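Structure, as structure tokens:
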Amino acid sequence: MKKIITIILIALAVTSCTSNETEIEETNIIVGLWKLTSIKAMNQEFINTCKSKDNIEVRSDKTFTITSHFEDNNCEIQMSSGTWSDNLNSTYKFTAVGDTQIFTLTADNKLTFSFQQDSETVTYVYLK
């Protein structure tokens, strides 16, 4: 009788521990590594070899890391991390170091954000 109870307890312990492993996590389409492919302002392209190394790693735990390269300093790397949230309607809010940007996921699977600089709109485009 003691063996039967022990076997039942072991079986219950094993099945209760594996329930989390079998759950399927819903992954947001934005999760992944996005590489900078375009910087546009004044209807001109400003991407270069150094800036084309920039990327955003978006993780499923609602965090991200942006890796930027500065051409003025021999393509020096600067990294910044923060959190993101889904704003619905294919827009996402990214916040790092007190700065928040709204990114848009376009129908052609491009991740973009725009900002004003010297009265001009600057648009960054990332691809997975």
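By convention here, the chains of the structure tokens are called A, B, ... in the order presented, each chain's residues are numbered starting at 1, and ligands are numbered starting at 1 in the order presented.
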
Counting only C-alpha atoms, which residues of stretch 76-119 of chain A fall within 12 Å of stretch 48-52 of chain A, and what is the closest atom pair for each with its distance in Å at one decimal, ordered by chain and rising number, as CSV?
```
residue,atom,partner,partner_atom,distance
A:Glu76,CA,A:Cys50,CA,8.9
A:Ile77,CA,A:Cys50,CA,9.7
A:Gln78,CA,A:Lys51,CA,11.6
```

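With distances taken over only C-alpha atoms, A:Glu57 is the one residue among A:Asp86, A:Glu57, A:Glu45, A:Asp72 lying closest to A:Gly32.
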
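Neighbours of A:Lys128 closer than or equal to 7 Å, with only C-alpha atoms counted and sequence neighbours fewer than 3 positions away skipped, come out as Gly32, Leu33, Trp34 and Lys35 of chain A.
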
- Query: Counting only C-alpha atoms, which of A:Ile39, A:Ile66, A:Val31, A:Met79 gets nearest to A:Ser114?
  - Reply: A:Ile39

- Query: Contacts of A:Thr95 at 12 Å or less, counting only C-alpha atoms, minus same-chain residues fewer than 5 places along, as a PyMOL selection string?
  - Reply: chain A and resi 62-66+80-86+100-103

Quick one: write out the picked residues with C-alpha atoms as a PDB file, in the first residue's frame?
```
ATOM      1  CA  LYS A  62       8.228  43.668 -22.988  1.00  0.00           C
ATOM      2  CA  THR A  63      11.840  44.912 -22.932  1.00  0.00           C
ATOM      3  CA  PHE A  64      14.076  46.026 -25.788  1.00  0.00           C
ATOM      4  CA  THR A  65      17.631  47.114 -26.520  1.00  0.00           C
ATOM      5  CA  ILE A  66      18.573  49.628 -29.194  1.00  0.00           C
ATOM      6  CA  SER A  80      20.037  51.773 -24.602  1.00  0.00           C
ATOM      7  CA  SER A  81      17.420  49.517 -23.036  1.00  0.00           C
ATOM      8  CA  GLY A  82      13.843  50.075 -22.031  1.00  0.00           C
ATOM      9  CA  THR A  83      10.319  48.743 -22.131  1.00  0.00           C
ATOM     10  CA  TRP A  84       7.664  48.565 -24.819  1.00  0.00           C
ATOM     11  CA  SER A  85       3.916  48.143 -24.924  1.00  0.00           C
ATOM     12  CA  ASP A  86       1.363  47.368 -27.609  1.00  0.00           C
ATOM     13  CA  THR A 100       9.175  57.681 -25.447  1.00  0.00           C
ATOM     14  CA  GLN A 101       8.755  57.022 -29.159  1.00  0.00           C
ATOM     15  CA  ILE A 102       5.760  55.565 -30.983  1.00  0.00           C
ATOM     16  CA  PHE A 103       6.711  52.944 -33.564  1.00  0.00           C
TER      17      PHE A 103
END
```

- Query: Near A:Asp118, within 12 Å and counting only C-alpha atoms, which residues show up once chain neighbours fewer than 4 positions away are dropped, as a ChimeraX atom specification?
  - Reply: /A:41-42,122

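In this model, the gap between atom CA of A:Thr104 and atom CA of A:Thr37 comes to 15.0 Å.
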
Taking the chain letters and numbering used in this document, name the residues of stretch 34-105 of chain A that DSSP puts in helix (DSSP H, G or I), as a CSV table (one decimal) with C-alpha atoms, in the first residue's frame.
```csv
chain,number,residue,atom,x,y,z
A,51,LYS,CA,24.2,53.6,-39.3
A,52,SER,CA,23.2,50.4,-41.2
A,53,LYS,CA,24.6,48.5,-38.2
A,71,GLU,CA,29.7,57.9,-37.5
A,72,ASP,CA,31.4,60.9,-35.9
A,73,ASN,CA,33.2,58.6,-33.5
```
